[in-house]
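With mmCIF, C-alpha atoms and all ligand atoms inside, this is model16.cif:
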```cif
data_query
loop_
_atom_site.label_atom_id
_atom_site.label_comp_id
_atom_site.auth_asym_id
_atom_site.auth_seq_id
_atom_site.Cartn_x
_atom_site.Cartn_y
_atom_site.Cartn_z
CA MET R 1 154.64 57.13 -93.67
CA ASP R 2 153.00 54.38 -91.74
CA SER R 3 151.60 51.94 -94.28
CA VAL R 4 149.66 49.96 -91.71
CA GLN R 5 146.04 51.01 -91.93
CA GLN R 6 144.17 51.13 -88.70
CA SER R 7 140.92 49.26 -89.13
CA SER R 8 138.08 50.65 -87.07
CA PRO R 9 136.07 48.16 -84.99
CA PRO R 10 132.87 46.94 -86.67
CA ALA R 11 129.75 48.94 -85.89
CA PRO R 12 127.02 47.13 -83.97
CA SER R 13 124.07 46.00 -86.09
CA PHE R 14 121.74 47.48 -83.48
CA TRP R 15 121.51 48.28 -79.78
CA ILE R 16 119.27 46.88 -77.09
CA GLY R 17 119.36 49.84 -74.73
CA SER R 18 123.06 50.21 -73.99
CA VAL R 19 123.91 46.70 -75.23
CA PRO R 20 125.46 46.51 -78.69
CA VAL R 21 124.43 43.56 -80.82
CA TYR R 22 126.71 42.48 -83.65
CA GLY R 23 124.81 40.48 -86.23
CA ASP R 24 121.22 40.14 -87.35
CA VAL R 25 120.27 36.49 -86.87
CA ILE R 26 119.40 35.09 -83.45
CA LEU R 27 118.56 31.63 -82.09
CA ALA R 28 115.01 31.66 -80.67
CA PRO R 29 114.35 30.66 -77.08
CA MET R 30 112.92 27.14 -77.30
CA ASP R 31 112.01 25.20 -74.20
CA GLY R 32 113.75 21.83 -74.38
CA PHE R 33 116.02 22.83 -77.27
CA SER R 34 117.85 26.12 -76.71
CA ASP R 35 119.67 24.95 -73.60
CA TRP R 36 123.27 25.93 -72.92
CA PRO R 37 124.88 23.27 -75.13
CA TYR R 38 122.84 24.29 -78.16
CA ARG R 39 122.96 28.01 -77.46
CA SER R 40 126.73 27.91 -77.23
CA ILE R 41 127.02 26.03 -80.53
CA CYS R 42 124.70 28.45 -82.34
CA ARG R 43 126.34 31.51 -80.82
CA ALA R 44 129.77 30.32 -81.97
CA LEU R 45 128.42 29.80 -85.48
CA GLY R 46 126.99 33.32 -85.69
CA SER R 47 123.79 33.69 -83.67
CA ALA R 48 124.14 37.35 -82.67
CA MET R 49 123.08 36.79 -79.05
CA SER R 50 121.63 34.10 -76.81
CA PHE R 51 118.14 33.85 -75.32
CA THR R 52 117.63 31.30 -72.57
CA GLU R 53 114.60 29.01 -72.55
CA PHE R 54 111.74 30.62 -70.64
CA MET R 55 111.42 30.10 -66.90
CA ARG R 56 108.45 30.69 -64.68
CA ALA R 57 108.87 33.69 -62.38
CA GLU R 58 107.40 31.78 -59.47
CA PHE R 59 110.05 29.04 -59.73
CA VAL R 60 112.82 31.63 -59.91
CA VAL R 61 111.56 33.31 -56.76
CA GLN R 62 110.85 30.15 -54.80
CA ALA R 63 113.61 27.79 -55.83
CA PHE R 64 116.28 29.53 -57.83
CA GLU R 65 118.92 26.88 -57.04
CA HIS R 66 116.80 24.29 -58.83
CA VAL R 67 116.44 26.30 -62.02
CA ALA R 68 119.77 28.16 -62.10
CA ALA R 69 121.23 25.80 -64.74
CA ARG R 70 118.76 27.18 -67.28
CA PHE R 71 120.55 30.52 -67.01
CA PHE R 72 124.10 29.24 -67.38
CA PHE R 73 126.30 30.93 -69.96
CA ARG R 74 129.96 31.64 -70.67
CA GLU R 75 131.34 35.15 -71.06
CA GLU R 76 132.05 34.70 -74.78
CA GLU R 77 128.33 34.17 -75.40
CA ARG R 78 127.33 37.68 -74.41
CA PRO R 79 124.97 39.36 -75.08
CA VAL R 80 122.74 36.97 -73.17
CA ALA R 81 119.03 37.53 -72.54
CA PHE R 82 117.36 35.66 -69.68
CA GLN R 83 113.71 34.97 -70.42
CA ILE R 84 111.07 34.72 -67.71
CA TYR R 85 107.29 34.52 -67.72
CA GLY R 86 104.45 35.02 -65.29
CA ASP R 87 101.18 36.81 -64.76
CA ASP R 88 101.91 38.75 -61.58
CA PRO R 89 103.91 42.01 -61.95
CA ASP R 90 105.30 41.76 -58.40
CA GLU R 91 106.48 38.22 -58.93
CA ILE R 92 107.97 39.06 -62.33
CA LEU R 93 109.88 41.95 -60.76
CA ALA R 94 111.13 39.76 -57.91
CA ALA R 95 112.21 37.09 -60.41
CA ALA R 96 113.92 39.65 -62.62
CA LEU R 97 115.87 41.00 -59.66
CA ARG R 98 116.88 37.48 -58.70
CA VAL R 99 118.11 36.48 -62.17
CA GLN R 100 119.82 39.84 -62.59
CA GLU R 101 122.31 38.70 -59.93
CA LYS R 102 123.66 36.27 -62.56
CA ARG R 103 124.60 39.26 -64.71
CA PRO R 104 122.67 38.82 -67.93
CA ASP R 105 122.85 41.60 -70.53
CA VAL R 106 119.09 41.72 -71.05
CA ILE R 107 115.96 40.39 -69.34
CA ASP R 108 113.18 39.31 -71.67
CA ILE R 109 109.52 38.82 -70.81
CA ASN R 110 107.71 36.02 -72.63
CA MET R 111 104.30 37.09 -73.91
CA GLY R 112 104.01 34.44 -76.58
CA CYS R 113 103.70 31.00 -75.04
CA PRO R 114 100.37 29.52 -76.21
CA ALA R 115 100.38 26.43 -73.94
CA ARG R 116 96.95 26.19 -72.31
CA LYS R 117 98.26 25.86 -68.77
CA ILE R 118 100.31 29.01 -69.11
CA ALA R 119 98.23 31.18 -71.44
CA HIS R 120 94.90 30.52 -69.72
CA ALA R 121 96.51 31.46 -66.42
CA GLY R 122 97.28 34.90 -67.82
CA ALA R 123 100.98 34.36 -68.55
CA GLY R 124 102.77 33.87 -71.88
CA VAL R 125 100.46 35.09 -74.63
CA GLY R 126 97.74 35.33 -71.95
CA LEU R 127 99.49 38.50 -70.78
CA MET R 128 98.52 40.16 -74.07
CA ARG R 129 94.91 40.12 -72.84
CA THR R 130 95.86 42.51 -70.05
CA PRO R 131 97.79 45.34 -71.76
CA LEU R 132 97.66 47.54 -68.68
CA LYS R 133 99.48 44.87 -66.74
CA ILE R 134 102.13 44.80 -69.47
CA ALA R 135 102.50 48.56 -69.05
CA ARG R 136 102.98 48.11 -65.30
CA ILE R 137 105.51 45.33 -65.75
CA PHE R 138 107.65 47.25 -68.24
CA ARG R 139 107.44 50.53 -66.34
CA ARG R 140 108.56 48.94 -63.10
CA LEU R 141 111.19 46.64 -64.52
CA SER R 142 112.77 49.31 -66.68
CA ALA R 143 112.91 51.69 -63.70
CA VAL R 144 114.39 49.21 -61.26
CA LEU R 145 116.65 46.90 -63.27
CA GLN R 146 120.20 47.69 -64.29
CA VAL R 147 119.81 45.87 -67.60
CA PRO R 148 117.46 46.55 -70.52
CA VAL R 149 114.07 44.82 -70.54
CA THR R 150 112.65 43.39 -73.75
CA GLY R 151 109.47 41.54 -74.68
CA LYS R 152 108.60 38.69 -77.01
CA ILE R 153 105.03 38.82 -78.26
CA ARG R 154 102.64 37.12 -80.65
CA LEU R 155 100.00 38.92 -82.67
CA GLY R 156 97.37 38.46 -80.01
CA TRP R 157 94.74 36.18 -78.64
CA GLU R 158 92.20 34.62 -80.99
CA ASN R 159 90.62 37.38 -83.05
CA CYS R 160 91.97 40.13 -80.85
CA ARG R 161 95.14 40.93 -82.76
CA ASN R 162 96.31 43.70 -80.42
CA TYR R 163 100.01 43.46 -81.24
CA LYS R 164 100.24 47.11 -82.24
CA LEU R 165 98.80 48.28 -78.94
CA VAL R 166 101.05 45.94 -76.98
CA ALA R 167 104.13 46.93 -78.98
CA ARG R 168 103.46 50.60 -78.28
CA ILE R 169 102.89 49.90 -74.63
CA ILE R 170 106.22 48.08 -74.40
CA ALA R 171 108.06 50.86 -76.23
CA GLU R 172 106.41 53.65 -74.23
CA ASN R 173 107.05 52.01 -70.87
CA GLY R 174 110.77 51.50 -71.12
CA GLY R 175 111.04 48.34 -73.23
CA ALA R 176 114.33 48.23 -75.15
CA ALA R 177 113.40 45.84 -77.99
CA ILE R 178 110.51 43.68 -79.13
CA THR R 179 110.50 40.28 -80.75
CA VAL R 180 107.37 39.66 -82.79
CA HIS R 181 106.34 36.11 -83.62
CA GLY R 182 103.88 36.66 -86.45
CA ARG R 183 101.15 34.31 -85.20
CA THR R 184 98.19 34.51 -82.85
CA ARG R 185 97.73 32.18 -79.89
CA GLU R 186 95.10 30.27 -81.82
CA GLN R 187 97.54 29.52 -84.63
CA GLY R 188 99.99 27.81 -82.30
CA TYR R 189 102.82 26.88 -84.61
CA GLY R 190 100.63 26.19 -87.66
CA GLY R 191 99.59 28.27 -90.60
CA GLN R 192 101.80 31.00 -91.91
CA ALA R 193 103.49 33.71 -89.89
CA ASP R 194 102.21 37.17 -90.85
CA TRP R 195 105.24 39.21 -91.86
CA ASP R 196 103.08 42.24 -92.68
CA ALA R 197 102.30 42.50 -88.98
CA ILE R 198 106.03 42.46 -88.17
CA ALA R 199 106.54 45.28 -90.68
CA GLU R 200 103.72 47.23 -89.03
CA VAL R 201 105.37 46.97 -85.63
CA ARG R 202 108.68 48.00 -87.14
CA ALA R 203 107.05 51.12 -88.59
CA LEU R 204 105.30 51.91 -85.34
CA VAL R 205 108.04 51.85 -82.71
CA SER R 206 111.52 53.29 -82.57
CA ILE R 207 113.07 50.50 -80.49
CA PRO R 208 114.58 47.53 -82.39
CA VAL R 209 112.21 44.89 -83.70
CA ILE R 210 113.28 41.29 -84.04
CA GLY R 211 111.13 39.45 -86.57
CA ASN R 212 110.22 35.82 -85.95
CA GLY R 213 108.27 33.08 -87.68
CA ASP R 214 108.88 30.73 -90.58
CA VAL R 215 112.49 31.51 -91.32
CA SER R 216 114.06 28.22 -92.27
CA SER R 217 116.67 29.06 -94.88
CA VAL R 218 119.35 31.65 -95.50
CA ALA R 219 117.21 33.04 -98.29
CA ASP R 220 114.34 33.47 -95.79
CA ILE R 221 116.60 35.55 -93.52
CA GLU R 222 117.16 38.11 -96.25
CA ARG R 223 113.52 37.92 -97.34
CA MET R 224 112.22 38.68 -93.87
CA LYS R 225 114.70 41.50 -93.34
CA ASN R 226 113.84 43.12 -96.65
CA TYR R 227 110.12 42.59 -96.28
CA THR R 228 109.72 43.83 -92.73
CA GLY R 229 112.71 46.13 -92.24
CA CYS R 230 113.32 44.44 -88.87
CA GLN R 231 116.72 44.89 -87.21
CA ALA R 232 117.21 41.15 -86.74
CA VAL R 233 115.62 37.82 -87.51
CA MET R 234 115.00 35.15 -84.90
CA ILE R 235 115.03 31.49 -85.93
CA GLY R 236 113.48 28.65 -83.96
CA ARG R 237 112.51 25.39 -85.59
CA GLY R 238 114.55 26.08 -88.70
CA ALA R 239 117.68 25.99 -86.58
CA ILE R 240 117.06 22.63 -84.92
CA GLY R 241 119.43 20.16 -86.57
CA HIS R 242 120.83 23.00 -88.66
CA PRO R 243 122.92 25.37 -86.49
CA TRP R 244 124.88 26.40 -89.61
CA ILE R 245 121.99 28.65 -90.59
CA PHE R 246 123.61 31.22 -88.28
CA ALA R 247 126.71 31.12 -90.48
CA ARG R 248 124.37 31.76 -93.41
CA ARG R 249 125.01 28.30 -94.84
CA GLU R 250 122.13 26.40 -96.40
CA ARG R 251 121.42 22.82 -95.36
CA GLU R 252 122.36 21.28 -98.66
CA SER R 253 125.83 22.82 -98.51
CA ILE R 254 126.95 21.11 -95.29
CA PRO R 255 129.29 18.18 -96.00
CA LEU R 256 128.37 14.91 -94.35
CA ALA R 257 131.62 14.89 -92.36
CA GLU R 258 130.69 18.23 -90.78
CA VAL R 259 127.27 16.97 -89.73
CA TRP R 260 128.92 13.95 -88.15
CA GLU R 261 131.46 16.12 -86.32
CA MET R 262 128.74 18.50 -85.11
CA MET R 263 126.65 15.64 -83.74
CA ARG R 264 129.64 14.36 -81.79
CA LEU R 265 130.44 17.81 -80.44
CA HIS R 266 126.82 18.48 -79.49
CA LEU R 267 126.50 15.15 -77.70
CA GLN R 268 129.78 15.68 -75.89
CA ARG R 269 128.72 19.15 -74.73
CA ASN R 270 125.38 17.79 -73.56
CA MET R 271 127.09 15.07 -71.53
CA GLU R 272 129.51 17.54 -69.97
CA PHE R 273 126.67 19.86 -69.03
CA TYR R 274 124.04 17.39 -67.82
CA GLY R 275 126.11 14.30 -67.04
CA PRO R 276 126.32 11.29 -69.39
CA ARG R 277 122.88 9.78 -68.90
CA LYS R 278 120.71 12.87 -68.97
CA GLY R 279 122.94 14.52 -71.56
CA TYR R 280 122.51 11.62 -73.97
CA GLY R 281 118.77 11.43 -73.27
CA LEU R 282 118.25 15.10 -74.04
CA PHE R 283 120.49 14.99 -77.08
CA ARG R 284 118.27 12.47 -78.84
CA LYS R 285 115.65 14.96 -79.96
CA HIS R 286 118.38 17.05 -81.55
CA ALA R 287 119.89 13.90 -83.07
CA ASN R 288 116.52 13.11 -84.59
CA ARG R 289 116.59 16.42 -86.43
CA TYR R 290 120.20 16.13 -87.60
CA LEU R 291 119.40 12.67 -88.93
CA LEU R 292 116.07 13.61 -90.52
CA LEU R 293 117.88 16.24 -92.55
CA GLN R 294 120.25 13.54 -93.85
CA ASN R 295 117.33 11.52 -95.26
CA LEU R 296 118.43 8.30 -93.58
CA PRO R 297 116.15 5.31 -93.96
CA ARG R 298 113.62 5.55 -91.13
CA GLN R 299 114.60 2.21 -89.67
CA ARG R 300 118.23 3.22 -89.25
CA ARG R 301 117.22 6.50 -87.65
CA ILE R 302 115.07 4.65 -85.14
CA GLN R 303 117.82 2.13 -84.52
CA LEU R 304 120.18 5.00 -83.73
CA LEU R 305 117.73 6.84 -81.51
CA THR R 306 116.92 3.76 -79.48
CA GLN R 307 120.51 2.99 -78.56
CA PRO R 308 120.53 2.69 -74.77
CA ASP R 309 123.65 4.77 -74.23
CA ALA R 310 125.99 7.24 -75.87
CA SER R 311 128.70 4.73 -76.71
CA GLY R 312 126.25 2.50 -78.60
CA PHE R 313 124.87 5.56 -80.35
CA LEU R 314 128.32 6.82 -81.37
CA ALA R 315 129.44 3.41 -82.65
CA LEU R 316 126.35 3.07 -84.83
CA LEU R 317 126.65 6.71 -85.91
CA ASP R 318 130.20 6.09 -87.15
CA GLU R 319 129.06 3.02 -89.03
CA THR R 320 126.11 4.89 -90.55
CA PHE R 321 128.15 7.83 -91.76
CA ALA R 322 130.85 5.52 -93.18
CA GLU R 323 128.11 3.74 -95.15
CA LEU R 324 126.64 7.03 -96.34
CA GLU R 325 130.03 8.29 -97.45
CA THR R 326 130.70 5.10 -99.39
CA ARG R 327 127.30 5.34 -101.01
CA LEU R 328 127.83 8.96 -101.95
CA GLY R 329 131.43 8.31 -102.98
CA VAL R 330 132.84 11.11 -100.82
C1 LIG L 1 109.73 23.39 -78.87
C2 LIG L 1 109.55 24.88 -78.78
C3 LIG L 1 109.78 25.52 -77.58
C4 LIG L 1 109.62 26.91 -77.48
N1 LIG L 1 109.91 27.53 -76.29
C5 LIG L 1 109.87 28.90 -76.23
C6 LIG L 1 110.32 29.60 -75.08
O1 LIG L 1 110.79 29.02 -74.09
N2 LIG L 1 110.23 30.95 -75.09
C7 LIG L 1 109.75 31.65 -76.17
O2 LIG L 1 109.70 32.87 -76.15
N3 LIG L 1 109.33 31.00 -77.27
C8 LIG L 1 109.41 29.67 -77.34
N4 LIG L 1 109.06 29.03 -78.50
C9 LIG L 1 108.67 29.84 -79.68
C10 LIG L 1 109.87 30.17 -80.54
O3 LIG L 1 110.78 31.00 -79.84
C11 LIG L 1 109.45 30.88 -81.84
O4 LIG L 1 108.77 32.06 -81.49
C12 LIG L 1 108.53 30.03 -82.70
O5 LIG L 1 109.01 28.70 -82.80
C13 LIG L 1 108.37 30.62 -84.10
O6 LIG L 1 109.61 30.70 -84.76
P1 LIG L 1 110.04 29.61 -85.89
O7 LIG L 1 108.98 29.65 -86.97
O8 LIG L 1 111.37 30.10 -86.39
O9 LIG L 1 110.11 28.28 -85.23
C14 LIG L 1 109.19 27.66 -78.61
C15 LIG L 1 108.95 26.99 -79.81
C16 LIG L 1 109.13 25.63 -79.92
C17 LIG L 1 108.89 24.95 -81.24
#
```

For this file, write the structure as structure tokens.
Amino acid sequence: MDSVQQSSPPAPSFWIGSVPVYGDVILAPMDGFSDWPYRSICRALGSAMSFTEFMRAEFVVQAFEHVAARFFFREEERPVAFQIYGDDPDEILAAALRVQEKRPDVIDINMGCPARKIAHAGAGVGLMRTPLKIARIFRRLSAVLQVPVTGKIRLGWENCRNYKLVARIIAENGGAAITVHGRTREQGYGGQADWDAIAEVRALVSIPVIGNGDVSSVADIERMKNYTGCQAVMIGRGAIGHPWIFARRERESIPLAEVWEMMRLHLQRNMEFYGPRKGYGLFRKHANRYLLLQNLPRQRRIQLLTQPDASGFLALLDETFAELETRLGV
């Protein structure tokens, strides 16, 4: 008898339309942070899929060559969701068709950005003030596109917390999943995310719900999942400087040497992707977070972050970590 047992492939955690997703923790789209270098690092560590930073539909339509880098990904990162935003259904459709040529797995519509310039112009969370427009957008996109369409929402605008209406509209007009950030526009990124609202959406619609807001530890991942019943948890700020959260490893458990190695890898990937100068420049805000989590004296952190180039930064980084290791006796 054959003693070799055939192991069956793992079952997907959930599906976005026809796209299987393996895993239940996802890096949030974050303008200025979740670029390709960081997305690829988080995906390799366990983020179940990748969302690109948002991009304005108008820019996609008018000058795709200039913004194409935002949508870069490698095959091993699939599933990849491209996120776009806008206020005009025709323009959003045109942009979606344009980005679809780059073969994403999913196209996601941002309905959560609270920035005044965007929201007051009727895009981002401003779109939640025009639910009928959302219906039109999802109906048309889901009919025309070859990939599933998803939406990322907040709870609403000011006192009009119409997230349940909007969630139903998305689900009933062909949307394949919804991410709910449990805050209103007014709250920005302050206050506490309302997980009860995420649970309400989960109970209301039959498409997958990705819960988002205030998950900053491994324990929080389980807490949000249990509390809301959501299919997956999306992590934004809690993942900056701590990509290991996707491997379900708490901050305190990461050895110093691993932090040091990760910073070098992240910087190197940034420089490959953007070129040395820009890559180093953009890396510094990530470096700030890696270093903050190591509780370095402020002066040393500033000294590191004000190094004029990557080689100066890396030399001082080596010195700093050697000192820390000696102090900690590791
Ligand atoms: C710097 C920054 C940039 C962001 N950019 C985007 C974006 O491009 N698209 C989007 O849908 N949400 C964006 N967000 C919102 C996050 O995806 C997420 O909904 C929010 O940070 C709440 O999750 P958290 O509590 O885990 O950070 C951004 C948030 C931050 C802090």

Show me which residues sit within 7 Å of ligand LIG 1 (chain L) when counting all atoms listed in the file, and put them as a list of chain:residue names.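 Using all atoms listed in the file, everything at most 7 Å from ligand LIG 1 (chain L) comes to R:Ala28, R:Pro29, R:Met30, R:Asp31, R:Gly32, R:Phe33, R:Glu53, R:Phe54, R:Asn110, R:Gly112, R:Cys113, R:Lys152, R:His181, R:Tyr189, R:Asn212, R:Gly213, R:Asp214, R:Val215, R:Ser216, R:Met234, R:Ile235, R:Gly236, R:Arg237, R:Gly238.
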
Please identify all polymer residues within 7 Å of segment 182-188 of chain R, counting only C-alpha atoms, omitting same-chain residues fewer than 4 positions from it, and present them as a list of chain:residue names. R:Pro114, R:Val125, R:Arg154, R:Leu155, R:Gly156, R:Trp157, R:Glu158, R:Ala193, R:Asp194, R:Trp195, R:Ala197, R:Ile198, R:Asn212, R:Gly213

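For the set R:Tyr38, R:Phe59, R:Phe72, R:Phe321, the residue with the smallest atom-to-atom gap to Glu91 of chain R is R:Phe59, counting all atoms listed in the file.
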
Spatial neighbours of Glu77 of chain R, max dist 8 Å, all atoms listed in the file, sep filter under 4 positions, as a PyMOL selection string: chain R and resi 40+43-44+49-50+73

Identify, on the basis of all atoms listed in the file, every residue whose closest approach to segment 10-25 of chain R does not exceed 9 Å; exclude the query and any residue fewer than 4 positions from it along the same chain; express the result as a PyMOL selection string. chain R and resi 46-49+79+105-106+147-150+175-177+207-208+210+221+225+231-235+245-246

Compile the contact shell of Leu145 of chain R as a count of residues only: residues with an atom at most 10 Å away, counting all atoms listed in the file, same-chain residues fewer than 5 positions apart removed. 7

Rounded to one decimal in Å, what is the spacing between atom CA of Trp244 of chain R and atom CA of Leu45 of chain R? 6.4 Å

So how many Å separate atom CA of Leu282 of chain R and atom CA of Gln294 of chain R, to one decimal?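 Atom CA of Gln294 of chain R lies 20.0 Å from atom CA of Leu282 of chain R.
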
Could you give me the centre and size, in Å to one decimal, of an axis-aligned box around all listed atoms of segment 319-325 of chain R with 4 Å added on every side, as JSON?
```
{"center_x": 128.5, "center_y": 5.7, "center_z": -93.2, "size_x": 12.7, "size_y": 13.3, "size_z": 16.4}
```

Any idea what the distance is between atom CA of Asp87 of chain R and atom CA of Gly191 of chain R?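 So the two atoms, atom CA of Asp87 of chain R and atom CA of Gly191 of chain R, lie 27.3 Å apart.
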
Distance query Glu200 of chain R at most 12 Å, all atoms listed in the file, self and fewer than 2 positions along chain excluded, as a VMD selection string: chain R and resid 155 162 to 165 167 to 168 180 182 194 to 198 202 to 206 209 211 227 to 230

Selected residue of minimal separation from Thr179 of chain R among R:Leu27, R:Arg277, R:Ala143, R:Thr326, counting all atoms listed in the file: R:Leu27

Closest of R:Ile178, R:Ile84, R:Leu304, R:Ile240 to Ile41 of chain R - atom-to-atom distances counting only C-alpha atoms: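 Of R:Ile178, R:Ile84, R:Leu304, R:Ile240, the one nearest Ile41 of chain R is R:Ile240, counting only C-alpha atoms.
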
Using all atoms listed in the file, pick whichever of R:Thr306, R:Ser311, R:Gln192, R:Gln146 has the shortest atom-to-atom distance to Lys285 of chain R.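 Smallest separation from Lys285 of chain R among the options: R:Thr306.
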